[in-house]
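Enquirer: Input file: start-v4.txt. Contents: compact mmCIF, C-alpha atoms (C1' of nucleotides).
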```
# COMPACT_ATOMS: atom_id res chain seq x y z
CA MET A 558 69.38 -64.20 -43.46
CA THR A 559 70.49 -62.81 -40.13
CA ASN A 560 67.69 -60.25 -40.30
CA LEU A 561 64.58 -62.39 -39.99
CA SER A 562 61.35 -60.51 -40.45
CA SER A 563 59.30 -60.04 -37.32
CA THR A 564 56.31 -61.46 -39.19
CA TYR A 565 58.13 -64.77 -39.32
CA ASP A 566 58.46 -64.73 -35.54
CA GLU A 567 54.92 -63.54 -35.03
CA ILE A 568 53.62 -66.46 -37.06
CA LEU A 569 55.66 -68.89 -34.97
CA ASP A 570 54.54 -67.33 -31.69
CA CYS A 571 50.93 -67.36 -32.75
CA ALA A 572 51.10 -70.96 -33.94
CA ARG A 573 52.67 -71.92 -30.63
CA SER A 574 49.78 -70.44 -28.66
CA LEU A 575 47.28 -72.13 -30.92
CA ILE A 576 49.00 -75.52 -30.62
CA ILE A 577 49.11 -75.16 -26.84
CA ALA A 578 45.37 -74.61 -26.94
CA GLY A 579 44.32 -77.39 -29.27
CA GLY A 580 47.19 -79.31 -30.83
CA TYR A 581 48.15 -79.92 -34.43
CA ASN A 582 44.66 -80.24 -35.86
CA GLY A 583 43.27 -77.57 -33.58
CA PHE A 584 44.33 -74.59 -35.68
CA SER A 585 44.52 -73.50 -39.31
CA TYR A 586 46.45 -71.05 -41.45
CA ALA A 587 43.31 -68.92 -41.41
CA ASP A 588 43.46 -68.68 -37.61
CA ILE A 589 47.05 -67.48 -37.73
CA ALA A 590 46.31 -65.06 -40.55
CA GLU A 591 43.60 -63.40 -38.51
CA VAL A 592 45.74 -62.97 -35.39
CA VAL A 593 48.90 -61.81 -37.18
CA GLY A 594 46.94 -59.52 -39.51
CA ILE A 595 48.20 -60.99 -42.74
CA ARG A 596 46.64 -63.01 -45.57
CA LYS A 597 46.63 -66.80 -45.46
CA ALA A 598 48.74 -67.05 -48.60
CA SER A 599 51.44 -64.86 -47.08
CA ILE A 600 52.05 -67.45 -44.38
CA HIS A 601 52.96 -69.92 -47.10
CA HIS A 602 55.73 -67.54 -48.14
CA HIS A 603 57.39 -68.01 -44.76
CA PHE A 604 56.37 -71.62 -44.21
CA PRO A 605 55.55 -73.50 -47.40
CA SER A 606 53.49 -76.10 -45.57
CA LYS A 607 51.91 -76.63 -42.19
CA VAL A 608 54.45 -79.37 -41.49
CA ASP A 609 57.28 -76.88 -42.12
CA LEU A 610 55.69 -74.42 -39.72
CA VAL A 611 55.16 -76.85 -36.88
CA GLN A 612 58.49 -78.56 -37.35
CA THR A 613 60.30 -75.19 -37.21
CA LEU A 614 58.28 -74.21 -34.17
CA VAL A 615 59.05 -77.39 -32.25
CA ALA A 616 62.71 -77.33 -33.24
CA ARG A 617 62.95 -73.77 -31.91
CA TYR A 618 61.09 -74.73 -28.73
CA ARG A 619 63.45 -77.63 -28.24
CA LYS A 620 66.48 -75.39 -28.70
CA GLU A 621 65.14 -72.88 -26.19
CA ALA A 622 64.47 -75.63 -23.67
CA GLU A 623 67.95 -77.06 -24.10
CA ALA A 624 69.48 -73.61 -23.73
CA GLY A 625 67.45 -73.14 -20.56
CA MET A 626 68.65 -76.42 -19.11
CA ALA A 627 72.27 -75.67 -20.01
CA ASN A 628 71.97 -72.21 -18.49
CA LEU A 629 70.56 -73.58 -15.23
CA GLU A 630 73.37 -76.08 -15.11
CA HIS A 631 76.01 -73.34 -15.37
CA GLN A 632 74.54 -71.36 -12.52
CA GLY A 633 75.81 -74.13 -10.30
CA SER A 634 72.67 -74.35 -8.21
CA ASP A 635 72.32 -77.54 -6.24
CA PRO A 636 70.15 -80.37 -7.62
CA LEU A 637 67.11 -79.74 -5.44
CA GLU A 638 67.21 -76.07 -6.38
CA LEU A 639 67.29 -77.04 -10.06
CA LEU A 640 64.22 -79.23 -9.72
CA ARG A 641 62.44 -76.51 -7.79
CA PHE A 642 63.35 -73.97 -10.45
CA TYR A 643 62.13 -76.21 -13.24
CA ALA A 644 58.79 -76.85 -11.55
CA GLY A 645 58.55 -73.18 -10.57
CA TYR A 646 59.11 -72.08 -14.13
CA TRP A 647 56.10 -74.08 -15.31
CA GLU A 648 54.04 -73.06 -12.33
CA ALA A 649 54.56 -69.42 -13.31
CA CYS A 650 53.72 -70.10 -16.98
CA ILE A 651 50.52 -71.85 -15.95
CA MET A 652 49.47 -69.34 -13.32
CA ASP A 653 49.80 -66.32 -15.64
CA ASP A 654 48.40 -68.35 -18.55
CA SER A 655 51.31 -67.32 -20.80
CA ALA A 656 52.07 -70.94 -21.73
CA PRO A 657 49.75 -73.24 -19.83
CA PHE A 658 51.14 -76.40 -21.43
CA CYS A 659 54.39 -77.76 -22.82
CA VAL A 660 54.17 -77.71 -26.62
CA CYS A 661 55.87 -81.09 -26.89
CA ALA A 662 53.76 -82.70 -24.20
CA LEU A 663 50.64 -81.58 -25.99
CA LEU A 664 51.83 -82.77 -29.38
CA ALA A 665 52.98 -86.06 -27.88
CA SER A 666 49.40 -86.83 -26.90
CA GLN A 667 48.46 -86.80 -30.59
CA LEU A 668 51.60 -88.52 -31.82
CA PRO A 669 49.76 -91.16 -33.87
CA VAL A 670 48.25 -88.51 -36.15
CA LEU A 671 51.33 -86.27 -36.33
CA PRO A 672 53.52 -85.92 -39.44
CA GLU A 673 56.71 -87.92 -39.13
CA GLU A 674 58.97 -84.84 -39.02
CA VAL A 675 57.11 -83.35 -36.06
CA CYS A 676 57.00 -86.69 -34.33
CA LEU A 677 60.78 -86.90 -34.35
CA GLU A 678 61.20 -83.44 -32.87
CA VAL A 679 58.75 -84.18 -30.08
CA ARG A 680 60.48 -87.44 -29.24
CA ALA A 681 63.85 -85.69 -29.17
CA HIS A 682 62.54 -83.18 -26.63
CA PHE A 683 61.36 -85.94 -24.33
CA ARG A 684 64.74 -87.58 -24.54
CA SER A 685 66.73 -84.43 -23.81
CA LEU A 686 64.49 -83.44 -20.92
CA SER A 687 64.72 -86.92 -19.47
CA ALA A 688 68.49 -86.92 -19.85
CA TRP A 689 68.82 -83.59 -18.07
CA LEU A 690 66.58 -84.66 -15.20
CA THR A 691 68.49 -87.93 -14.92
CA SER A 692 71.79 -86.06 -14.59
CA VAL A 693 70.34 -83.72 -11.97
CA LEU A 694 68.90 -86.59 -9.92
CA GLU A 695 72.07 -88.61 -10.25
CA ARG A 696 74.11 -85.71 -8.94
CA GLY A 697 71.67 -85.06 -6.11
CA ALA A 698 71.76 -88.70 -5.06
CA ARG A 699 75.55 -88.81 -5.18
CA GLN A 700 75.76 -85.73 -2.99
CA GLY A 701 73.26 -87.28 -0.59
CA GLN A 702 70.90 -84.36 -1.03
CA LEU A 703 68.16 -86.27 -2.84
CA GLN A 704 66.45 -89.42 -1.69
CA LEU A 705 65.95 -91.83 -4.62
CA MET A 706 64.12 -95.13 -4.40
CA GLY A 707 64.98 -96.29 -7.94
CA THR A 708 67.65 -95.51 -10.50
CA PRO A 709 68.16 -91.85 -11.43
CA HIS A 710 66.80 -92.60 -14.89
CA ASP A 711 63.60 -94.24 -13.64
CA GLU A 712 63.04 -91.47 -11.11
CA ALA A 713 63.64 -88.87 -13.82
CA GLU A 714 60.98 -90.47 -15.98
CA ALA A 715 58.59 -90.49 -13.05
CA PHE A 716 59.38 -86.84 -12.32
CA MET A 717 58.77 -85.80 -15.91
CA ALA A 718 55.56 -87.81 -16.10
CA THR A 719 54.23 -86.22 -12.93
CA VAL A 720 54.95 -82.71 -14.17
CA HIS A 721 53.20 -83.40 -17.48
CA GLY A 722 50.29 -85.01 -15.70
CA ALA A 723 50.04 -82.01 -13.41
CA MET A 724 49.72 -79.72 -16.45
CA LEU A 725 46.91 -81.93 -17.66
CA SER A 726 45.09 -81.87 -14.34
CA ALA A 727 45.40 -78.09 -14.05
CA ARG A 728 43.77 -77.85 -17.47
CA ALA A 729 41.12 -80.48 -16.77
CA TYR A 730 40.02 -78.84 -13.52
CA GLY A 731 40.42 -75.36 -14.94
CA ASP A 732 42.42 -74.65 -11.82
CA PRO A 733 46.08 -73.60 -12.20
CA LYS A 734 46.72 -74.16 -8.50
CA ILE A 735 46.50 -77.93 -8.84
CA PHE A 736 49.84 -77.86 -10.68
CA GLY A 737 51.56 -76.45 -7.63
CA VAL A 738 49.83 -78.94 -5.33
CA VAL A 739 51.11 -81.89 -7.35
CA THR A 740 54.63 -80.62 -7.97
CA SER A 741 55.27 -79.52 -4.42
CA SER A 742 54.18 -82.98 -3.25
CA LEU A 743 56.61 -84.37 -5.82
CA LEU A 744 59.52 -82.19 -4.69
CA GLU A 745 58.92 -82.87 -1.03
CA ARG A 746 59.39 -86.54 -1.59
CA PHE A 747 62.90 -85.99 -2.98
CA SER A 748 64.13 -83.83 -0.11
CA SER A 749 65.94 -85.74 2.59
CA ARG A 750 64.72 -83.78 5.61
CA MET B 1148 15.32 -98.26 -26.47
CA THR B 1149 16.55 -101.38 -24.73
CA ASN B 1150 17.54 -102.92 -28.05
CA LEU B 1151 20.30 -100.62 -29.28
CA SER B 1152 21.57 -101.44 -32.74
CA SER B 1153 25.06 -102.82 -32.90
CA THR B 1154 25.92 -100.16 -35.48
CA TYR B 1155 25.35 -97.59 -32.77
CA ASP B 1156 27.92 -99.34 -30.59
CA GLU B 1157 30.32 -99.88 -33.45
CA ILE B 1158 30.28 -96.17 -34.19
CA LEU B 1159 31.01 -95.37 -30.57
CA ASP B 1160 33.82 -97.92 -30.34
CA CYS B 1161 35.37 -96.70 -33.55
CA ALA B 1162 35.15 -93.06 -32.49
CA ARG B 1163 36.78 -93.98 -29.21
CA SER B 1164 39.76 -95.52 -30.95
CA LEU B 1165 40.07 -92.53 -33.24
CA ILE B 1166 39.90 -90.07 -30.35
CA ILE B 1167 42.53 -92.03 -28.46
CA ALA B 1168 44.76 -91.68 -31.50
CA GLY B 1169 44.32 -88.01 -32.26
CA GLY B 1170 41.73 -86.25 -30.14
CA TYR B 1171 38.57 -84.37 -31.02
CA ASN B 1172 39.84 -82.72 -34.18
CA GLY B 1173 41.86 -85.76 -35.21
CA PHE B 1174 38.99 -87.67 -36.77
CA SER B 1175 35.97 -87.10 -38.97
CA TYR B 1176 32.63 -88.72 -39.75
CA ALA B 1177 34.23 -89.94 -42.98
CA ASP B 1178 36.88 -91.83 -40.99
CA ILE B 1179 34.24 -93.59 -38.95
CA ALA B 1180 32.12 -94.34 -42.01
CA GLU B 1181 35.04 -96.08 -43.66
CA VAL B 1182 35.85 -98.27 -40.67
CA VAL B 1183 32.27 -99.19 -39.77
CA GLY B 1184 31.33 -99.76 -43.42
CA ILE B 1185 28.46 -97.33 -43.53
CA ARG B 1186 27.81 -94.02 -45.26
CA LYS B 1187 28.68 -90.73 -43.57
CA ALA B 1188 25.06 -89.63 -43.55
CA SER B 1189 23.99 -92.78 -41.71
CA ILE B 1190 26.10 -91.80 -38.74
CA HIS B 1191 24.04 -88.65 -38.41
CA HIS B 1192 20.97 -90.84 -37.91
CA HIS B 1193 22.51 -92.24 -34.72
CA PHE B 1194 24.36 -89.11 -33.65
CA PRO B 1195 22.92 -85.91 -35.13
CA SER B 1196 26.13 -83.98 -34.55
CA LYS B 1197 29.75 -84.65 -33.72
CA VAL B 1198 29.21 -83.08 -30.31
CA ASP B 1199 26.41 -85.60 -29.61
CA LEU B 1200 28.66 -88.46 -30.59
CA VAL B 1201 31.61 -87.45 -28.47
CA GLN B 1202 29.48 -86.45 -25.52
CA THR B 1203 27.72 -89.83 -25.56
CA LEU B 1204 31.04 -91.59 -25.92
CA VAL B 1205 32.63 -89.81 -22.98
CA ALA B 1206 29.54 -90.20 -20.81
CA ARG B 1207 29.60 -93.94 -21.49
CA TYR B 1208 33.34 -94.10 -20.82
CA ARG B 1209 32.80 -92.29 -17.56
CA LYS B 1210 30.05 -94.68 -16.54
CA GLU B 1211 32.23 -97.68 -17.32
CA ALA B 1212 35.08 -96.24 -15.31
CA GLU B 1213 32.83 -95.54 -12.35
CA ALA B 1214 31.39 -99.05 -12.55
CA GLY B 1215 34.93 -100.42 -12.60
CA MET B 1216 35.91 -98.44 -9.53
CA ALA B 1217 32.78 -99.47 -7.65
CA ASN B 1218 33.36 -103.08 -8.60
CA LEU B 1219 36.94 -103.02 -7.36
CA GLU B 1220 35.76 -101.49 -4.15
CA HIS B 1221 33.29 -104.32 -3.53
CA GLN B 1222 35.90 -107.00 -4.00
CA GLY B 1223 37.31 -105.81 -0.72
CA SER B 1224 40.91 -105.84 -1.86
CA ASP B 1225 43.26 -103.85 0.31
CA PRO B 1226 44.21 -100.30 -0.78
CA LEU B 1227 47.66 -101.16 -2.15
CA GLU B 1228 46.12 -103.98 -4.18
CA LEU B 1229 43.57 -101.56 -5.60
CA LEU B 1230 46.25 -99.14 -6.72
CA ARG B 1231 48.24 -101.97 -8.24
CA PHE B 1232 45.17 -103.24 -10.04
CA TYR B 1233 44.37 -99.80 -11.41
CA ALA B 1234 47.90 -99.27 -12.70
CA GLY B 1235 48.02 -102.85 -13.97
CA TYR B 1236 44.80 -102.37 -15.89
CA TRP B 1237 46.29 -99.49 -17.83
CA GLU B 1238 49.59 -101.24 -18.27
CA ALA B 1239 47.76 -104.12 -19.97
CA CYS B 1240 45.76 -101.75 -22.19
CA ILE B 1241 48.93 -99.98 -23.25
CA MET B 1242 51.02 -103.10 -23.76
CA ASP B 1243 48.47 -104.80 -26.03
CA ASP B 1244 47.65 -101.46 -27.68
CA SER B 1245 43.92 -102.01 -27.14
CA ALA B 1246 43.49 -98.59 -25.49
CA PRO B 1247 46.87 -96.89 -25.22
CA PHE B 1248 45.46 -93.74 -23.64
CA CYS B 1249 42.64 -92.63 -21.38
CA VAL B 1250 39.97 -90.96 -23.53
CA CYS B 1251 39.40 -88.24 -20.95
CA ALA B 1252 43.09 -87.58 -20.41
CA LEU B 1253 43.53 -87.10 -24.12
CA LEU B 1254 40.52 -84.85 -24.47
CA ALA B 1255 41.58 -82.87 -21.42
CA SER B 1256 44.76 -81.86 -23.22
CA GLN B 1257 42.64 -80.07 -25.82
CA LEU B 1258 40.08 -78.70 -23.42
CA PRO B 1259 40.31 -75.10 -24.69
CA VAL B 1260 39.04 -76.13 -28.14
CA LEU B 1261 36.46 -78.64 -26.94
CA PRO B 1262 32.69 -78.04 -27.08
CA GLU B 1263 31.31 -77.10 -23.69
CA GLU B 1264 29.27 -80.33 -23.32
CA VAL B 1265 32.32 -82.54 -23.79
CA CYS B 1266 34.39 -80.34 -21.53
CA LEU B 1267 31.98 -80.94 -18.65
CA GLU B 1268 32.07 -84.72 -19.10
CA VAL B 1269 35.85 -84.75 -19.12
CA ARG B 1270 36.05 -82.64 -16.00
CA ALA B 1271 33.55 -84.91 -14.25
CA HIS B 1272 35.72 -87.95 -14.99
CA PHE B 1273 38.76 -86.29 -13.47
CA ARG B 1274 36.79 -85.47 -10.37
CA SER B 1275 35.39 -88.97 -9.89
CA LEU B 1276 38.75 -90.63 -10.48
CA SER B 1277 40.40 -88.25 -8.05
CA ALA B 1278 37.69 -88.89 -5.46
CA TRP B 1279 38.09 -92.66 -5.75
CA LEU B 1280 41.87 -92.49 -5.45
CA THR B 1281 41.52 -90.16 -2.48
CA SER B 1282 39.26 -92.63 -0.70
CA VAL B 1283 41.63 -95.52 -1.41
CA LEU B 1284 44.66 -93.59 -0.18
CA GLU B 1285 42.80 -92.35 2.86
CA ARG B 1286 41.84 -95.90 3.81
CA GLY B 1287 45.36 -97.17 3.17
CA ALA B 1288 46.83 -94.48 5.35
CA ARG B 1289 44.33 -95.12 8.13
CA GLN B 1290 45.16 -98.82 8.07
CA GLY B 1291 48.85 -97.98 8.17
CA GLN B 1292 49.44 -99.85 4.91
CA LEU B 1293 50.26 -96.81 2.80
CA GLN B 1294 52.87 -94.17 3.52
CA LEU B 1295 51.56 -90.71 2.69
CA MET B 1296 53.57 -87.51 2.90
CA GLY B 1297 50.68 -85.15 2.20
CA THR B 1298 46.90 -85.26 2.49
CA PRO B 1299 45.12 -88.18 0.80
CA HIS B 1300 43.62 -85.73 -1.68
CA ASP B 1301 46.95 -84.17 -2.66
CA GLU B 1302 48.58 -87.57 -2.98
CA ALA B 1303 45.66 -88.80 -5.06
CA GLU B 1304 46.11 -85.89 -7.44
CA ALA B 1305 49.82 -86.65 -7.69
CA PHE B 1306 49.07 -90.31 -8.31
CA MET B 1307 46.60 -89.54 -11.08
CA ALA B 1308 48.95 -87.01 -12.67
CA THR B 1309 51.80 -89.50 -12.70
CA VAL B 1310 49.69 -92.19 -14.34
CA HIS B 1311 48.52 -89.77 -17.04
CA GLY B 1312 52.05 -88.52 -17.57
CA ALA B 1313 53.27 -92.10 -17.87
CA MET B 1314 50.76 -92.70 -20.67
CA LEU B 1315 52.12 -89.65 -22.39
CA SER B 1316 55.73 -90.76 -22.05
CA ALA B 1317 54.95 -94.25 -23.32
CA ARG B 1318 53.43 -92.64 -26.39
CA ALA B 1319 56.20 -90.08 -26.85
CA TYR B 1320 58.95 -92.68 -26.67
CA GLY B 1321 56.93 -95.18 -28.65
CA ASP B 1322 57.78 -97.60 -25.85
CA PRO B 1323 54.92 -99.13 -23.81
CA LYS B 1324 57.33 -100.41 -21.18
CA ILE B 1325 58.03 -96.92 -19.87
CA PHE B 1326 54.51 -96.87 -18.41
CA GLY B 1327 55.37 -99.81 -16.17
CA VAL B 1328 58.67 -98.26 -15.17
CA VAL B 1329 57.00 -95.07 -13.99
CA THR B 1330 54.02 -96.64 -12.28
CA SER B 1331 55.99 -99.30 -10.44
CA SER B 1332 58.27 -96.54 -9.13
CA LEU B 1333 55.10 -94.73 -8.07
CA LEU B 1334 53.61 -97.73 -6.29
CA GLU B 1335 56.83 -98.61 -4.55
CA ARG B 1336 56.88 -95.25 -2.87
CA PHE B 1337 53.50 -95.89 -1.26
CA SER B 1338 54.35 -99.29 0.17
CA SER B 1339 55.55 -99.20 3.77
CA ARG B 1340 58.09 -102.02 3.60
C1' DG C 958 1.53 -99.68 -42.80
C1' DT C 959 4.76 -98.14 -39.85
C1' DC C 960 9.04 -97.31 -38.22
C1' DA C 961 13.97 -97.66 -37.94
C1' DT C 962 17.85 -97.84 -40.70
C1' DT C 963 20.46 -96.88 -44.46
C1' DC C 964 21.09 -94.95 -48.77
C1' DT C 965 22.11 -91.25 -52.70
C1' DA C 966 22.70 -86.72 -53.62
C1' DC C 967 23.56 -82.47 -52.29
C1' DC C 968 24.97 -78.01 -49.52
C1' DT C 969 28.10 -74.78 -47.14
C1' DT C 970 32.13 -73.78 -45.04
C1' DC C 971 36.72 -74.59 -44.08
C1' DT C 972 41.16 -76.73 -45.27
C1' DG C 973 45.98 -76.54 -46.90
C1' DG C 974 47.93 -75.09 -50.93
C1' DT C 975 49.00 -72.74 -55.70
C1' DA C 976 49.42 -69.14 -59.46
C1' DG C 977 50.59 -64.99 -60.64
C1' DG C 978 51.24 -60.26 -59.69
C1' DT C 979 53.04 -55.83 -57.28
C1' DA C 980 55.71 -52.68 -54.55
C1' DG C 981 59.89 -51.99 -52.39
C1' DT C 982 64.61 -53.23 -51.27
C1' DT C 983 69.41 -55.24 -52.38
C1' DT C 984 72.89 -56.34 -55.21
C1' DG C 985 76.15 -56.47 -59.05
C1' DT C 986 78.08 -54.20 -62.97
C1' DC C 987 79.54 -50.59 -65.71
C1' DG D 263 75.99 -42.72 -59.49
C1' DA D 264 72.92 -45.24 -62.77
C1' DC D 265 70.46 -49.05 -63.94
C1' DA D 266 69.05 -53.65 -64.59
C1' DA D 267 68.52 -58.09 -62.20
C1' DA D 268 67.22 -60.51 -58.33
C1' DC D 269 65.11 -60.95 -54.09
C1' DT D 270 61.64 -60.17 -50.20
C1' DA D 271 57.23 -59.76 -48.40
C1' DC D 272 53.06 -59.37 -49.24
C1' DC D 273 48.72 -59.36 -52.05
C1' DT D 274 44.24 -61.16 -54.83
C1' DA D 275 42.14 -64.87 -56.75
C1' DC D 276 41.79 -69.21 -57.20
C1' DC D 277 41.53 -74.76 -56.50
C1' DA D 278 40.44 -79.52 -54.95
C1' DG D 279 39.23 -81.93 -51.33
C1' DA D 280 37.52 -82.60 -46.70
C1' DA D 281 34.61 -80.98 -43.03
C1' DG D 282 29.97 -81.37 -40.67
C1' DG D 283 25.43 -81.53 -41.96
C1' DT D 284 20.54 -81.90 -44.52
C1' DA D 285 16.62 -83.73 -47.56
C1' DG D 286 14.33 -87.17 -49.20
C1' DA D 287 14.00 -91.63 -51.27
C1' DA D 288 14.83 -96.95 -50.74
C1' DT D 289 14.87 -100.98 -47.86
C1' DG D 290 13.42 -104.18 -44.66
C1' DA D 291 11.61 -106.06 -40.20
C1' DC D 292 7.56 -106.40 -37.37
```
Now that the file is in, can you turn its structure into structure tokens?

Expert:
Amino acid sequence: MTNLSSTYDEILDCARSLIIAGGYNGFSYADIAEVVGIRKASIHHHFPSKVDLVQTLVARYRKEAEAGMANLEHQGSDPLELLRFYAGYWEACIMDDSAPFCVCALLASQLPVLPEEVCLEVRAHFRSLSAWLTSVLERGARQGQLQLMGTPHDEAEAFMATVHGAMLSARAYGDPKIFGVVTSSLLERFSSR
Amino acid sequence: MTNLSSTYDEILDCARSLIIAGGYNGFSYADIAEVVGIRKASIHHHFPSKVDLVQTLVARYRKEAEAGMANLEHQGSDPLELLRFYAGYWEACIMDDSAPFCVCALLASQLPVLPEEVCLEVRAHFRSLSAWLTSVLERGARQGQLQLMGTPHDEAEAFMATVHGAMLSARAYGDPKIFGVVTSSLLERFSSR
DNA sequence: GTCATTCTACCTTCTGGTAGGTAGTTTGTC
DNA sequence: GACAAACTACCTACCAGAAGGTAGAATGAC
């Protein structure tokens, strides 16, 4: 139980890449089988159904993201630094093409055709990301470091939306640099100076 | 040629709704056939392949959007009004669930698995929308009505990204109101007063 | 009669999923 | 330590249904 096979992880990693590329209906067990070098049926041993696979994958993604946010928080960086780090993290992922889109953002776009279980995981990610951003903005505003025009919550939603939209634009233009253009414009607006 | 059958249009409208819900791989000819009340094979008479159908659909969408932008432009409204109108248009579409997502924004998210022809149409829409927003922002800045921190182009990209991200959040939360929250925060920031 | 439209009937390939089997490892019991 | 039972990870060989698509025959308007 503690010793999970590496195949299990390989399947999850592969599925993640495939979802990032084309969403829930954009890949099949056959696609994974080919990449991992295993037979289709063997995937069912690890993940009985496609819903199981994607739900596990998103749950894990969500956990990683939450761990990342908690970790940033403990490093005691100031609010503006945290926002910069968050945007910088995605900028790096997009520039080196290692993860050119947030799994949950991509799945959210197809929410109406997603299985209920996956839908709930995706929604939970949006809520936890929004909550974290809200707390960062709230702290920044209280310290006088960040310039907010609305409530921390509303500004957090706007921040998140802009980052997701920037991922979309980078993909649409086929130009990773556009992500940096949009996010740096976003960050600038929050700095007081 | 001038007298296009209404079935043709019904198929396009139906496909549009289905794409808005789940993207390129989220619907099939069978789905359309059921809604339109026609046999699968009959759709092939109007659109030989799925690529033809989606390409036509996106091209038409693009034309409509460009006509809408040109029309707004001719009404001579001031820049801030134009931005408000644009955001308000989408807010209405999302609130009444008539078109809760931009077809091109949704397709852009799955660009890596899209047929080349569709990909080009989607990209073209992003470019024309960005160009229009740039011109509006540029004019607003020149007139002193809008407060820009970066170049009109960069701000236009940020504006577009935020609107697309707001669509995504509204869908993720299952709450149409979040679109208005994000976009009104966005518009406020551009107003001078 | 011609032409567009729609139909039935069919094809191939892909889809997620199942059944049943095999080789190798762990585990529990004596 | 020996040995059976159970478990893990994978396999081959299927299946039913859905996918996009084709061929050719009816229908019906001009």

Enquirer: From the list A:Pro636, A:Gly594, A:Pro605, A:Gly580, which residue is nearest chain C when using only C-alpha atoms (C1' of nucleotides)?

Expert: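 Answer, going by the shortest atom-to-atom distance: A:Pro605.
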
Enquirer: Which residues come within 12 Å of Asp1322 in chain B, counting all atoms listed in the file, excluding same-chain residues fewer than 4 positions away, as a PyMOL selection string?

Expert: (chain A and resi 680) or (chain B and resi 1238+1241-1244+1247+1313-1318+1326-1328)

Enquirer: At most 9 Å is the cut-off: for each residue in chain B with any atom that close to an atom of chain C, write down the nearest atom pair and the distance in Å rounded to one decimal, counting all atoms listed in the file, chain first then increasing number, as CSV.

Expert:
```
residue,atom,partner,partner_atom,distance
B:Ile1185,CA,C:DT963,C1',8.1
B:Arg1186,CA,C:DC964,C1',7.6
B:Ala1188,CA,C:DC964,C1',8.4
B:Ser1189,CA,C:DT963,C1',6.1
B:His1192,CA,C:DT962,C1',8.2
```

Enquirer: What are the residues of chain B lining chain A at 6 Å or less? Count all atoms listed in the file, and put the answer as a list of chain:residue names.

Expert: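 Close enough to count are B:Ala1168, B:Gly1169, B:Asn1172, B:Ala1255, B:Ser1256, B:Gln1257, B:Pro1259, B:Val1260, B:Arg1270, B:Ala1305, B:Ala1308, B:Thr1309, B:His1311, B:Gly1312, B:Ala1313, B:Leu1315, B:Ala1319, B:Val1329.
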
Enquirer: In terms of the shortest atom-to-atom distance over all atoms listed in the file, which of B:Glu1220, B:Asp1178, B:Glu1264, B:Asp1225 is closest to chain D?

Expert: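 For chain D, the nearest of the candidates is B:Asp1178.
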
Enquirer: Compute the chain D side of the contact with chain B at 12 Å, counting all atoms listed in the file, and hand it back as a PyMOL selection string.

Expert: chain D and resi 280-285

Enquirer: Just want the 9 Å neighbourhood of range 1203-1218 of chain B, counted on all atoms listed in the file, with same-chain residues fewer than 5 positions away dropped. Output as a ChimeraX atom specification.

Expert: /B:1159-1160,1162-1163,1194,1198,1233,1250-1251,1265,1268-1269,1271-1272,1275-1276,1279

Enquirer: Excluding Glu567 in chain A and residues on its chain fewer than 4 positions from it, collect all residues at most 7 Å away from it, counting all atoms listed in the file, and give them as a list in words.

Expert: Ser563, Cys571 and Val593 of chain A

Enquirer: Given 3 Å on each side, where is the centre and what are the edge lengths in Å to one decimal of the axis-aligned box enclosing the listed atoms of range 963-967 of chain C, as JSON?

Expert:
```
{"center_x": 22.0, "center_y": -89.7, "center_z": -49.0, "size_x": 9.1, "size_y": 20.4, "size_z": 15.2}
```
